[in-house]
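Okay, run13.pdb now, which holds PDB, C-alpha atoms:
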ATOM      1  CA  MET A 186       0.000   0.000   0.000
ATOM      2  CA  ARG A 187       1.394   3.396  -0.992
ATOM      3  CA  ASP A 188       1.703   6.164   1.634
ATOM      4  CA  GLU A 189      -0.397   9.269   1.142
ATOM      5  CA  PRO A 190       1.705  11.947  -0.599
ATOM      6  CA  ASN A 191       2.844  14.624   1.817
ATOM      7  CA  MET A 192       1.984  17.486  -0.542
ATOM      8  CA  ALA A 193      -1.298  19.045  -1.635
ATOM      9  CA  TRP A 194      -2.055  19.701  -5.306
ATOM     10  CA  GLU A 195      -2.265  23.404  -4.559
ATOM     11  CA  ARG A 196       1.371  23.399  -3.450
ATOM     12  CA  PHE A 197       2.394  21.285  -6.435
ATOM     13  CA  THR A 198       0.739  23.801  -8.755
ATOM     14  CA  ALA A 199       2.347  26.740  -6.945
ATOM     15  CA  LEU A 200       5.805  25.176  -7.287
ATOM     16  CA  ALA A 201       5.262  24.570 -11.009
ATOM     17  CA  ASP A 202       4.109  28.173 -11.382
ATOM     18  CA  SER A 203       7.266  29.430  -9.666
ATOM     19  CA  TYR A 204      10.027  27.057 -10.757
ATOM     20  CA  GLY A 205       8.741  25.499 -13.993
ATOM     21  CA  ALA A 206       8.143  21.938 -15.072
ATOM     22  CA  ASP A 207      11.541  20.432 -14.270
ATOM     23  CA  LEU A 208      11.449  19.041 -10.743
ATOM     24  CA  TYR A 209      15.249  19.420 -10.606
ATOM     25  CA  ARG A 210      14.661  23.169 -10.294
ATOM     26  CA  TRP A 211      12.258  22.767  -7.387
ATOM     27  CA  PRO A 212      13.418  23.125  -3.765
ATOM     28  CA  ALA A 213      15.161  19.858  -2.882
ATOM     29  CA  VAL A 214      13.335  19.522   0.411
ATOM     30  CA  GLN A 215      10.027  19.299  -1.454
ATOM     31  CA  ARG A 216      11.105  17.242  -4.425
ATOM     32  CA  ASP A 217      10.437  13.816  -2.888
ATOM     33  CA  ALA A 218       6.926  14.804  -1.832
ATOM     34  CA  ALA A 219       6.280  16.236  -5.298
ATOM     35  CA  GLU A 220       7.447  13.040  -6.979
ATOM     36  CA  ALA A 221       5.205  10.987  -4.721
ATOM     37  CA  LEU A 222       2.241  13.163  -5.615
ATOM     38  CA  LEU A 223       3.137  12.929  -9.300
ATOM     39  CA  ALA A 224       3.200   9.133  -9.046
ATOM     40  CA  SER A 225      -0.193   9.102  -7.360
ATOM     41  CA  ASP A 226      -1.919  10.812 -10.307
ATOM     42  CA  ALA A 227       0.368  11.170 -13.292
ATOM     43  CA  ALA A 228      -2.347  12.515 -15.616
ATOM     44  CA  ARG A 229      -3.199  15.371 -13.276
ATOM     45  CA  ALA A 230       0.485  16.158 -12.667
ATOM     46  CA  ASP A 231       1.198  16.125 -16.412
ATOM     47  CA  GLY A 232      -1.548  18.674 -16.975
ATOM     48  CA  ILE A 233       0.037  21.057 -14.476
ATOM     49  CA  LEU A 234       3.611  20.437 -15.598
ATOM     50  CA  GLY A 235       2.698  20.641 -19.287
ATOM     51  CA  CYS A 236       1.518  24.208 -18.881
ATOM     52  CA  ALA A 237       4.732  25.199 -17.059
ATOM     53  CA  GLY A 238       6.816  23.243 -19.556
ATOM     54  CA  ARG A 239       5.519  25.227 -22.522
ATOM     55  CA  LEU A 240       6.831  28.420 -20.963
ATOM     56  CA  ASP A 241      10.144  26.707 -20.103
ATOM     57  CA  GLY A 242      10.475  25.746 -23.763
ATOM     58  CA  LEU A 243      10.044  29.364 -24.819
ATOM     59  CA  LEU A 244      12.475  30.663 -22.189
ATOM     60  CA  ASP A 245      15.107  28.163 -23.276
ATOM     61  CA  HIS A 246      15.314  29.828 -26.690
ATOM     62  CA  TYR A 247      17.079  32.766 -25.071
ATOM     63  CA  ARG A 248      20.740  31.765 -25.086
ATOM     64  CA  THR A 249      23.471  34.281 -24.515
ATOM     65  CA  PRO A 250      26.767  34.525 -26.418
ATOM     66  CA  LEU A 251      29.979  33.148 -24.974
ATOM     67  CA  PRO A 252      32.532  35.713 -23.786
ATOM     68  CA  SER A 253      34.803  37.050 -26.507
ATOM     69  CA  ALA A 254      38.564  36.501 -26.396
ATOM     70  CA  ALA A 255      39.008  40.271 -26.151
ATOM     71  CA  LEU A 256      36.881  40.433 -22.992
ATOM     72  CA  VAL A 257      38.763  37.521 -21.431
ATOM     73  CA  GLY A 258      42.046  39.282 -22.250
ATOM     74  CA  ARG A 259      40.953  42.567 -20.659
ATOM     75  CA  ILE A 260      39.820  40.792 -17.509
ATOM     76  CA  LEU A 261      42.993  38.730 -17.157
ATOM     77  CA  ALA A 262      45.154  41.801 -17.689
ATOM     78  CA  ALA A 263      43.816  43.161 -14.401
ATOM     79  CA  ALA A 264      44.219  39.896 -12.441
ATOM     80  CA  PRO A 265      46.387  39.900  -9.296
ATOM     81  CA  ARG A 266      50.102  39.364  -9.877
ATOM     82  CA  PRO A 267      52.370  37.204  -7.757
ATOM     83  CA  ALA A 268      53.774  39.038  -4.729
ATOM     84  CA  LEU A 269      57.329  37.683  -5.405
ATOM     85  CA  LEU A 270      58.915  40.859  -6.749
ATOM     86  CA  TRP A 271      57.402  42.947  -4.021
ATOM     87  CA  SER A 272      58.624  40.478  -1.383
ATOM     88  CA  ARG A 273      62.145  40.641  -2.766
ATOM     89  CA  ALA A 274      62.027  44.410  -2.741
ATOM     90  CA  LYS A 275      60.809  44.393   0.841
ATOM     91  CA  LEU A 276      63.597  41.988   1.827
ATOM     92  CA  TRP A 277      66.245  44.143   0.108
ATOM     93  CA  TRP A 278      64.985  47.302   1.803
ATOM     94  CA  SER A 279      64.794  45.650   5.222
ATOM     95  CA  GLY A 280      68.384  44.369   4.832
ATOM     96  CA  LEU A 281      69.528  47.812   3.858
ATOM     97  CA  GLY A 282      67.704  49.243   6.864
ATOM     98  CA  LEU A 283      69.425  46.848   9.285
ATOM     99  CA  ALA A 284      72.817  47.707   7.836
ATOM    100  CA  GLY A 285      72.017  51.400   8.184
ATOM    101  CA  VAL A 286      71.002  51.008  11.811
ATOM    102  CA  GLY A 287      74.227  49.142  12.552
ATOM    103  CA  LEU A 288      76.339  51.760  10.831
ATOM    104  CA  ALA A 289      74.549  54.601  12.616
ATOM    105  CA  GLY A 290      75.158  52.858  15.947
ATOM    106  CA  ALA A 291      78.845  52.476  15.248
ATOM    107  CA  VAL A 292      79.237  56.094  14.195
ATOM    108  CA  SER A 293      77.331  57.461  17.187
ATOM    109  CA  GLY A 294      79.265  55.190  19.541
ATOM    110  CA  ALA A 295      82.570  56.421  18.155
ATOM    111  CA  LEU A 296      81.385  60.002  18.378
ATOM    112  CA  ALA A 297      80.283  59.596  21.997
ATOM    113  CA  LEU A 298      83.606  58.008  22.865
ATOM    114  CA  SER A 299      85.593  60.813  21.273
ATOM    115  CA  LEU A 300      83.579  63.464  23.117
ATOM    116  CA  ALA A 301      83.778  61.709  26.465
ATOM    117  CA  THR A 302      87.492  60.936  26.378
ATOM    118  CA  PRO A 303      89.270  63.416  24.082
ATOM    119  CA  ALA A 304      92.650  62.832  25.795
ATOM    120  CA  LEU A 305      92.706  59.214  24.889
ATOM    121  CA  LEU A 306      92.671  60.111  21.187
ATOM    122  CA  ASP A 307      96.232  61.288  21.678
ATOM    123  CA  HIS A 308      97.460  57.961  22.982
ATOM    124  CA  ARG A 309      97.998  54.721  21.277
ATOM    125  CA  ALA A 310      96.563  51.699  23.017
ATOM    126  CA  ALA A 311     100.016  50.200  23.286
ATOM    127  CA  ASP A 312     101.103  53.089  25.524
ATOM    128  CA  TRP A 313      98.372  52.504  28.088
ATOM    129  CA  ALA A 314      99.295  51.288  31.477
ATOM    130  CA  ASP A 315      97.835  47.943  32.455
ATOM    131  CA  GLY A 316      95.271  49.595  34.764
ATOM    132  CA  GLN A 317      94.211  52.394  32.382
ATOM    133  CA  THR A 318      90.692  52.310  30.894
ATOM    134  CA  ILE A 319      88.652  54.868  29.046
ATOM    135  CA  PHE A 320      86.722  55.434  32.275
ATOM    136  CA  GLY A 321      89.809  56.194  34.261
ATOM    137  CA  ASP A 322      92.724  54.360  35.751
ATOM    138  CA  VAL A 323      91.978  51.306  37.745
ATOM    139  CA  ASP A 324      94.398  49.973  40.331
ATOM    140  CA  LEU A 325      95.167  46.386  39.880
ATOM    141  CA  ASP A 326      93.803  45.819  43.366
ATOM    142  CA  GLY A 327      90.368  46.934  42.079
ATOM    143  CA  THR A 328      90.050  50.593  43.251
ATOM    144  CA  SER A 329      89.447  53.408  40.797
ATOM    145  CA  ARG A 330      91.361  56.706  40.776
TER
ATOM    146  CA  MET B 829      18.104  22.788  -5.699
ATOM    147  CA  THR B 830      19.659  23.497  -2.349
ATOM    148  CA  ALA B 831      22.674  25.335  -1.062
ATOM    149  CA  SER B 832      25.201  23.155   0.695
ATOM    150  CA  PRO B 833      26.190  25.188   3.714
ATOM    151  CA  GLY B 834      29.730  24.853   4.995
ATOM    152  CA  GLU B 835      31.248  23.984   1.652
ATOM    153  CA  ASP B 836      32.206  26.705  -0.747
ATOM    154  CA  PRO B 837      33.361  25.104  -3.996
ATOM    155  CA  ASP B 838      35.131  28.302  -5.065
ATOM    156  CA  LEU B 839      37.223  28.808  -1.943
ATOM    157  CA  ALA B 840      40.386  26.890  -2.879
ATOM    158  CA  LEU B 841      40.566  28.529  -6.293
ATOM    159  CA  LEU B 842      39.923  31.943  -4.793
ATOM    160  CA  VAL B 843      42.838  31.549  -2.368
ATOM    161  CA  ARG B 844      45.168  30.781  -5.275
ATOM    162  CA  VAL B 845      43.847  33.773  -7.195
ATOM    163  CA  GLY B 846      44.593  35.941  -4.169
ATOM    164  CA  ARG B 847      48.225  34.755  -4.219
ATOM    165  CA  GLY B 848      48.589  35.966  -7.790
ATOM    166  CA  ASP B 849      48.468  32.516  -9.404
ATOM    167  CA  ALA B 850      47.911  33.266 -13.104
ATOM    168  CA  GLU B 851      46.650  29.765 -13.826
ATOM    169  CA  ALA B 852      44.041  30.104 -11.082
ATOM    170  CA  ALA B 853      42.950  33.463 -12.473
ATOM    171  CA  ARG B 854      42.381  31.864 -15.877
ATOM    172  CA  ALA B 855      40.421  29.029 -14.255
ATOM    173  CA  MET B 856      38.302  31.531 -12.333
ATOM    174  CA  VAL B 857      37.512  33.417 -15.537
ATOM    175  CA  ALA B 858      36.561  30.176 -17.291
ATOM    176  CA  ARG B 859      34.339  29.195 -14.374
ATOM    177  CA  LYS B 860      32.569  32.486 -13.702
ATOM    178  CA  LEU B 861      32.690  34.725 -16.758
ATOM    179  CA  PRO B 862      30.126  32.923 -18.958
ATOM    180  CA  ARG B 863      27.598  32.939 -16.117
ATOM    181  CA  LEU B 864      28.249  36.559 -15.178
ATOM    182  CA  LEU B 865      27.998  37.654 -18.784
ATOM    183  CA  ALA B 866      24.743  35.723 -19.224
ATOM    184  CA  LEU B 867      23.346  37.274 -16.062
ATOM    185  CA  ALA B 868      24.205  40.806 -17.142
ATOM    186  CA  THR B 869      23.005  40.250 -20.714
ATOM    187  CA  ARG B 870      19.609  39.045 -19.541
ATOM    188  CA  MET B 871      19.295  41.762 -16.916
ATOM    189  CA  LEU B 872      20.320  44.615 -19.221
ATOM    190  CA  GLY B 873      19.400  43.373 -22.699
ATOM    191  CA  ASP B 874      22.523  45.045 -24.067
ATOM    192  CA  ALA B 875      25.655  43.117 -25.030
ATOM    193  CA  ALA B 876      28.160  45.975 -24.647
ATOM    194  CA  GLU B 877      26.842  47.029 -21.253
ATOM    195  CA  ALA B 878      26.785  43.404 -20.153
ATOM    196  CA  GLU B 879      30.498  43.100 -21.036
ATOM    197  CA  ASP B 880      31.240  46.214 -18.975
ATOM    198  CA  VAL B 881      29.387  44.771 -16.005
ATOM    199  CA  ALA B 882      31.176  41.434 -16.305
ATOM    200  CA  GLN B 883      34.568  43.173 -16.489
ATOM    201  CA  GLU B 884      33.818  45.414 -13.519
ATOM    202  CA  SER B 885      32.588  42.408 -11.526
ATOM    203  CA  PHE B 886      35.956  40.764 -12.094
ATOM    204  CA  VAL B 887      37.791  43.899 -10.977
ATOM    205  CA  ARG B 888      35.913  43.566  -7.674
ATOM    206  CA  LEU B 889      36.647  39.840  -7.592
ATOM    207  CA  TRP B 890      40.399  40.368  -8.090
ATOM    208  CA  ARG B 891      40.406  42.999  -5.333
ATOM    209  CA  GLN B 892      38.500  40.743  -2.949
ATOM    210  CA  ALA B 893      40.399  37.517  -3.632
ATOM    211  CA  ALA B 894      43.297  38.005  -1.205
ATOM    212  CA  ARG B 895      41.103  39.168   1.669
ATOM    213  CA  TRP B 896      38.033  36.944   1.260
ATOM    214  CA  ARG B 897      36.939  35.460   4.565
ATOM    215  CA  PRO B 898      34.544  32.503   4.385
ATOM    216  CA  GLY B 899      31.356  33.463   6.166
ATOM    217  CA  ALA B 900      27.637  33.109   5.812
ATOM    218  CA  ALA B 901      27.541  33.948   2.107
ATOM    219  CA  ARG B 902      29.046  31.693  -0.522
ATOM    220  CA  PHE B 903      31.455  33.358  -2.871
ATOM    221  CA  ASP B 904      29.233  32.711  -5.894
ATOM    222  CA  THR B 905      26.277  34.383  -4.171
ATOM    223  CA  TRP B 906      28.459  37.395  -3.332
ATOM    224  CA  LEU B 907      29.627  37.586  -6.938
ATOM    225  CA  HIS B 908      26.055  37.459  -8.218
ATOM    226  CA  ARG B 909      25.163  40.243  -5.789
ATOM    227  CA  VAL B 910      28.049  42.373  -7.096
ATOM    228  CA  ALA B 911      26.988  41.853 -10.718
ATOM    229  CA  LEU B 912      23.340  42.556  -9.903
ATOM    230  CA  ASN B 913      24.224  45.798  -8.129
ATOM    231  CA  LEU B 914      26.254  46.883 -11.144
ATOM    232  CA  CYS B 915      23.279  46.053 -13.370
ATOM    233  CA  TYR B 916      21.000  48.087 -11.123
ATOM    234  CA  ASP B 917      23.372  51.056 -11.297
ATOM    235  CA  ARG B 918      23.104  50.998 -15.065
ATOM    236  CA  LEU B 919      19.342  50.508 -15.080
ATOM    237  CA  ARG B 920      19.005  53.460 -12.696
ATOM    238  CA  ARG B 921      21.158  55.616 -14.951
ATOM    239  CA  ARG B 922      19.002  54.626 -17.918
ATOM    240  CA  ARG B 923      15.865  55.692 -16.092
ATOM    241  CA  GLU B 924      17.437  59.054 -15.403
ATOM    242  CA  ILE B 925      18.429  59.545 -19.027
ATOM    243  CA  VAL B 926      15.682  57.923 -21.053
ATOM    244  CA  VAL B 927      12.360  59.706 -21.000
ATOM    245  CA  GLU B 928      10.563  57.247 -23.201
ATOM    246  CA  THR B 929       8.208  54.824 -21.494
ATOM    247  CA  VAL B 930       9.037  51.135 -21.576
ATOM    248  CA  PRO B 931       6.633  49.265 -23.864
ATOM    249  CA  ASP B 932       4.388  46.981 -21.856
ATOM    250  CA  ARG B 933       4.718  44.186 -24.375
ATOM    251  CA  PRO B 934       7.548  43.060 -26.601
ATOM    252  CA  ASP B 935       7.945  44.109 -30.178
ATOM    253  CA  PRO B 936       6.198  41.434 -32.270
ATOM    254  CA  GLY B 937       9.227  41.356 -34.547
ATOM    255  CA  PRO B 938       9.197  40.140 -38.125
ATOM    256  CA  ALA B 939       6.028  39.503 -40.093
ATOM    257  CA  PRO B 940       4.207  36.197 -39.466
ATOM    258  CA  ASP B 941       5.390  34.686 -42.719
ATOM    259  CA  ALA B 942       9.029  35.224 -41.787
ATOM    260  CA  GLY B 943       9.023  31.968 -39.798
ATOM    261  CA  LEU B 944      10.051  31.357 -36.244
ATOM    262  CA  ASP B 945      13.769  30.729 -36.236
ATOM    263  CA  GLU B 946      15.906  30.436 -33.149
ATOM    264  CA  ALA B 947      17.192  34.003 -33.242
ATOM    265  CA  ASP B 948      13.701  35.348 -33.607
ATOM    266  CA  ALA B 949      12.461  33.308 -30.663
ATOM    267  CA  ALA B 950      15.430  34.407 -28.572
ATOM    268  CA  SER B 951      14.840  38.071 -29.336
ATOM    269  CA  ARG B 952      11.163  37.755 -28.400
ATOM    270  CA  VAL B 953      12.062  36.197 -25.044
ATOM    271  CA  ALA B 954      14.706  38.871 -24.499
ATOM    272  CA  ALA B 955      12.139  41.590 -25.165
ATOM    273  CA  ALA B 956       9.605  39.936 -22.865
ATOM    274  CA  LEU B 957      12.218  39.722 -20.084
ATOM    275  CA  GLN B 958      12.980  43.426 -20.491
ATOM    276  CA  ALA B 959       9.263  44.179 -20.170
ATOM    277  CA  LEU B 960       9.153  42.619 -16.684
ATOM    278  CA  PRO B 961       9.520  44.741 -13.557
ATOM    279  CA  GLU B 962      13.181  44.630 -12.486
ATOM    280  CA  ARG B 963      12.711  42.463  -9.395
ATOM    281  CA  GLN B 964      10.669  39.902 -11.327
ATOM    282  CA  ARG B 965      13.302  39.832 -14.054
ATOM    283  CA  GLU B 966      16.022  39.388 -11.441
ATOM    284  CA  ALA B 967      14.150  36.471  -9.863
ATOM    285  CA  ILE B 968      13.731  34.688 -13.212
ATOM    286  CA  VAL B 969      17.328  35.307 -14.225
ATOM    287  CA  LEU B 970      18.741  34.004 -10.939
ATOM    288  CA  ALA B 971      16.441  31.051 -10.339
ATOM    289  CA  TYR B 972      15.757  29.914 -13.897
ATOM    290  CA  TYR B 973      18.689  30.932 -16.059
ATOM    291  CA  GLN B 974      21.505  31.014 -13.488
ATOM    292  CA  GLU B 975      20.059  27.909 -11.796
ATOM    293  CA  LEU B 976      20.738  29.198  -8.302
ATOM    294  CA  SER B 977      18.916  27.296  -5.578
ATOM    295  CA  ASN B 978      15.880  29.008  -4.122
ATOM    296  CA  ILE B 979      17.897  29.810  -0.974
ATOM    297  CA  GLU B 980      20.863  31.195  -2.936
ATOM    298  CA  ALA B 981      18.625  33.308  -5.179
ATOM    299  CA  ALA B 982      16.710  34.653  -2.185
ATOM    300  CA  ASN B 983      20.008  35.469  -0.437
ATOM    301  CA  ALA B 984      21.348  37.246  -3.509
ATOM    302  CA  MET B 985      18.155  39.306  -3.686
ATOM    303  CA  ASP B 986      18.072  39.808   0.077
ATOM    304  CA  ILE B 987      14.507  38.532   0.354
ATOM    305  CA  SER B 988      12.763  35.486   1.839
ATOM    306  CA  VAL B 989      12.199  32.293  -0.144
ATOM    307  CA  GLU B 990       8.445  32.969   0.007
ATOM    308  CA  ALA B 991       8.945  36.420  -1.527
ATOM    309  CA  LEU B 992      11.150  34.871  -4.223
ATOM    310  CA  GLU B 993       8.453  32.325  -5.110
ATOM    311  CA  SER B 994       5.890  35.098  -5.341
ATOM    312  CA  LEU B 995       8.127  37.111  -7.686
ATOM    313  CA  LEU B 996       8.816  34.024  -9.804
ATOM    314  CA  SER B 997       5.160  33.151 -10.069
ATOM    315  CA  ARG B 998       4.173  36.672 -11.138
ATOM    316  CA  ALA B 999       7.087  36.853 -13.565
ATOM    317  CA  ARG B1000       6.208  33.574 -15.249
ATOM    318  CA  ARG B1001       2.547  34.537 -15.489
ATOM    319  CA  LYS B1002       3.441  37.786 -17.228
ATOM    320  CA  LEU B1003       5.988  36.100 -19.493
ATOM    321  CA  ARG B1004       3.399  33.520 -20.512
ATOM    322  CA  THR B1005       0.952  36.274 -21.370
ATOM    323  CA  LEU B1006       3.531  38.225 -23.354
ATOM    324  CA  LEU B1007       4.974  35.276 -25.254
ATOM    325  CA  GLU B1008       1.869  33.215 -25.885
ATOM    326  CA  GLU B1009      -0.194  36.243 -26.926
ATOM    327  CA  ASN B1010       2.624  37.066 -29.265
ATOM    328  CA  ASP B1011       2.450  33.559 -30.701
ATOM    329  CA  ASP B1012      -1.317  33.881 -31.212
ATOM    330  CA  ALA B1013      -0.784  37.111 -33.141
ATOM    331  CA  ARG B1014       1.436  35.339 -35.671
TER
END

Would you mind writing the structure in this file as structure tokens?
Amino acid sequence: MRDEPNMAWERFTALADSYGADLYRWPAVQRDAAEALLASDAARADGILGCAGRLDGLLDHYRTPLPSAALVGRILAAAPRPALLWSRAKLWWSGLGLAGVGLAGAVSGALALSLATPALLDHRAADWADGQTIFGDVDLDGTSR
Amino acid sequence: MTASPGEDPDLALLVRVGRGDAEAARAMVARKLPRLLALATRMLGDAAEAEDVAQESFVRLWRQAARWRPGAARFDTWLHRVALNLCYDRLRRRREIVVETVPDRPDPGPAPDAGLDEADAASRVAAALQALPERQREAIVLAYYQELSNIEAANAMDISVEALESLLSRARRKLRTLLEENDDAR
């Protein structure tokens, strides 16, 4: 014994009016119920679907042209490019920046040293006593003078 | 027809496009351009304007590719929304420029003895589509021609599924009147 279809003819007609005769286009959640109703009275269903199908047949005449090669070319010309060159440029600039920071540190360090201890510029390191530092002379027993 | 939530079939390709993969860009054009062009052609009824809309839609796509975040909307629905908005911009501009009234039925075309060839039939359907109110035309284009699911089409139009079905039903009724009356006149 077949179960009673879970869809009224009014709903079946409304779906055909909205989506056309091809049940593939109908909402999937209602397709099984529609097929069951169709099976219960094929002649009645065919009458409803036939009317919708005639309009589908007319609508299907309207085909649109495929995109031209020129259009495809214009679209692809604007497509994103790989970020490789930009990454290399960023890497080069960041390397240059690090080198610059290092150089600036060295220069400022040397400058600070020359300002803080001008007298030492007149001596060669070889002439320094064992306890002499740039911060003053340090006794070998650990006290500063 | 149903949307399959959670799975966006365009996502992997879109990620590659965002990285500047030229092959992926070509694949994206092959996948989306014919449908976008068809959508715009049927919405606008003008081949040159439809090409402009398709090209501009891709400009937006390229811009969005690297920063697309999967969310509630599928990428294809978003892309349809972009193309539709561009179509609406052009239709709005036309209304501002053109003072003529839109004919309420399509041009009957060639004389009855000219025969009904494919091009003739296509032009009659095109004219009938243009005679529909914009929202009805949009519903038919998305649900029938673009074959979006009812949920996807409703999302793209920002309306409920019930409202979509109502628009579709009214659109098909009017199209039937326009096209079948036209046939009777031949």

Tell me which residues the ChimeraX specification (/B :<8) & /A grabs here, as a VMD selection string.
-> chain A and resid 199 to 200 202 to 204 209 to 214 240 243 to 244 246 to 252 256 to 257 259 to 261 263 to 268

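Distance annotation: of B:Ile987, B:Leu841, B:Leu919, B:Val881, the residue with the minimal separation from Glu962 in chain B is B:Leu919; atom set is all atoms listed in the file.
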
In Å to one decimal, how far is CA of Glu980 in chain B from CA of Asn913 in chain B?
-> 15.9 Å

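Computed from the coordinates, the CA of Glu1009 in chain B to CA of Leu234 in chain A distance equals 19.8 Å.
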
Find the residues around Arg902 in chain B up to 12 Å (all atoms listed in the file counted), leave out those fewer than 5 positions away in its own chain, and share them as a VMD selection string.
-> chain B and resid 831 to 839 842 896 to 897 907 to 909 976 979 to 981 983 to 984

Gly873 in chain B proximity check over B:Ala991, B:Leu1006, B:Leu960, B:Ile925, using all atoms listed in the file: winner is B:Leu960

What gap, in Å, lies between CA of Leu912 in chain B and CA of Glu851 in chain B?
-> 26.9 Å

Output the residue selection produced by the PyMOL selection byres ((chain A and resi 223-227) around 12) on the file above, formatted as a list of chain:residue names.
->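 Here the PyMOL selection byres ((chain A and resi 223-227) around 12) matches A:Met186, A:Arg187, A:Asp188, A:Glu189, A:Pro190, A:Asn191, A:Met192, A:Ala193, A:Trp194, A:Phe197, A:Thr198, A:Ala201, A:Ala206, A:Leu208, A:Arg216, A:Asp217, A:Ala218, A:Ala219, A:Glu220, A:Ala221, A:Leu222, A:Ala228, A:Arg229, A:Ala230, A:Asp231, A:Gly232, A:Ile233, A:Leu234, A:Gly235.
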
Can you write just those residues out, C-alpha atoms, as a compact mmCIF listing (two decimals), in the frame of the given file?
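Written out: again-v9.txt:
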# COMPACT_ATOMS: atom_id res chain seq x y z
CA MET A 186 0.00 0.00 0.00
CA ARG A 187 1.39 3.40 -0.99
CA ASP A 188 1.70 6.16 1.63
CA GLU A 189 -0.40 9.27 1.14
CA PRO A 190 1.70 11.95 -0.60
CA ASN A 191 2.84 14.62 1.82
CA MET A 192 1.98 17.49 -0.54
CA ALA A 193 -1.30 19.05 -1.64
CA TRP A 194 -2.06 19.70 -5.31
CA PHE A 197 2.39 21.28 -6.44
CA THR A 198 0.74 23.80 -8.76
CA ALA A 201 5.26 24.57 -11.01
CA ALA A 206 8.14 21.94 -15.07
CA LEU A 208 11.45 19.04 -10.74
CA ARG A 216 11.10 17.24 -4.42
CA ASP A 217 10.44 13.82 -2.89
CA ALA A 218 6.93 14.80 -1.83
CA ALA A 219 6.28 16.24 -5.30
CA GLU A 220 7.45 13.04 -6.98
CA ALA A 221 5.20 10.99 -4.72
CA LEU A 222 2.24 13.16 -5.62
CA ALA A 228 -2.35 12.52 -15.62
CA ARG A 229 -3.20 15.37 -13.28
CA ALA A 230 0.48 16.16 -12.67
CA ASP A 231 1.20 16.12 -16.41
CA GLY A 232 -1.55 18.67 -16.98
CA ILE A 233 0.04 21.06 -14.48
CA LEU A 234 3.61 20.44 -15.60
CA GLY A 235 2.70 20.64 -19.29

Mind completing range 212-222 of chain A with N, CA, C and O atoms? Output as a CSV table (one decimal), keeping the file's coordinate frame, please?
chain,number,residue,atom,x,y,z
A,212,PRO,N,12.7,23.3,-5.0
A,212,PRO,CA,13.4,23.1,-3.8
A,212,PRO,C,13.6,21.7,-3.4
A,212,PRO,O,12.7,20.9,-3.4
A,213,ALA,N,14.8,21.3,-3.1
A,213,ALA,CA,15.2,19.9,-2.9
A,213,ALA,C,14.3,19.3,-1.7
A,213,ALA,O,14.0,18.1,-1.8
A,214,VAL,N,14.1,20.1,-0.8
A,214,VAL,CA,13.3,19.5,0.4
A,214,VAL,C,11.9,19.1,0.0
A,214,VAL,O,11.3,18.4,0.8
A,215,GLN,N,11.4,19.6,-1.1
A,215,GLN,CA,10.0,19.3,-1.5
A,215,GLN,C,9.9,18.4,-2.7
A,215,GLN,O,8.9,18.0,-3.1
A,216,ARG,N,11.1,18.0,-3.2
A,216,ARG,CA,11.1,17.2,-4.4
A,216,ARG,C,10.5,15.8,-4.2
A,216,ARG,O,9.8,15.3,-5.1
A,217,ASP,N,10.9,15.2,-3.1
A,217,ASP,CA,10.4,13.8,-2.9
A,217,ASP,C,8.9,13.8,-2.8
A,217,ASP,O,8.2,12.9,-3.3
A,218,ALA,N,8.4,14.8,-2.0
A,218,ALA,CA,6.9,14.8,-1.8
A,218,ALA,C,6.2,15.1,-3.2
A,218,ALA,O,5.2,14.5,-3.5
A,219,ALA,N,6.9,15.9,-4.0
A,219,ALA,CA,6.3,16.2,-5.3
A,219,ALA,C,6.3,15.0,-6.2
A,219,ALA,O,5.3,14.7,-6.9
A,220,GLU,N,7.4,14.2,-6.1
A,220,GLU,CA,7.4,13.0,-7.0
A,220,GLU,C,6.4,12.0,-6.5
A,220,GLU,O,5.8,11.3,-7.4
A,221,ALA,N,6.2,11.9,-5.2
A,221,ALA,CA,5.2,11.0,-4.7
A,221,ALA,C,3.8,11.4,-5.2
A,221,ALA,O,3.0,10.5,-5.6
A,222,LEU,N,3.6,12.7,-5.2
A,222,LEU,CA,2.2,13.2,-5.6
A,222,LEU,C,2.1,12.9,-7.1
A,222,LEU,O,1.0,12.5,-7.6
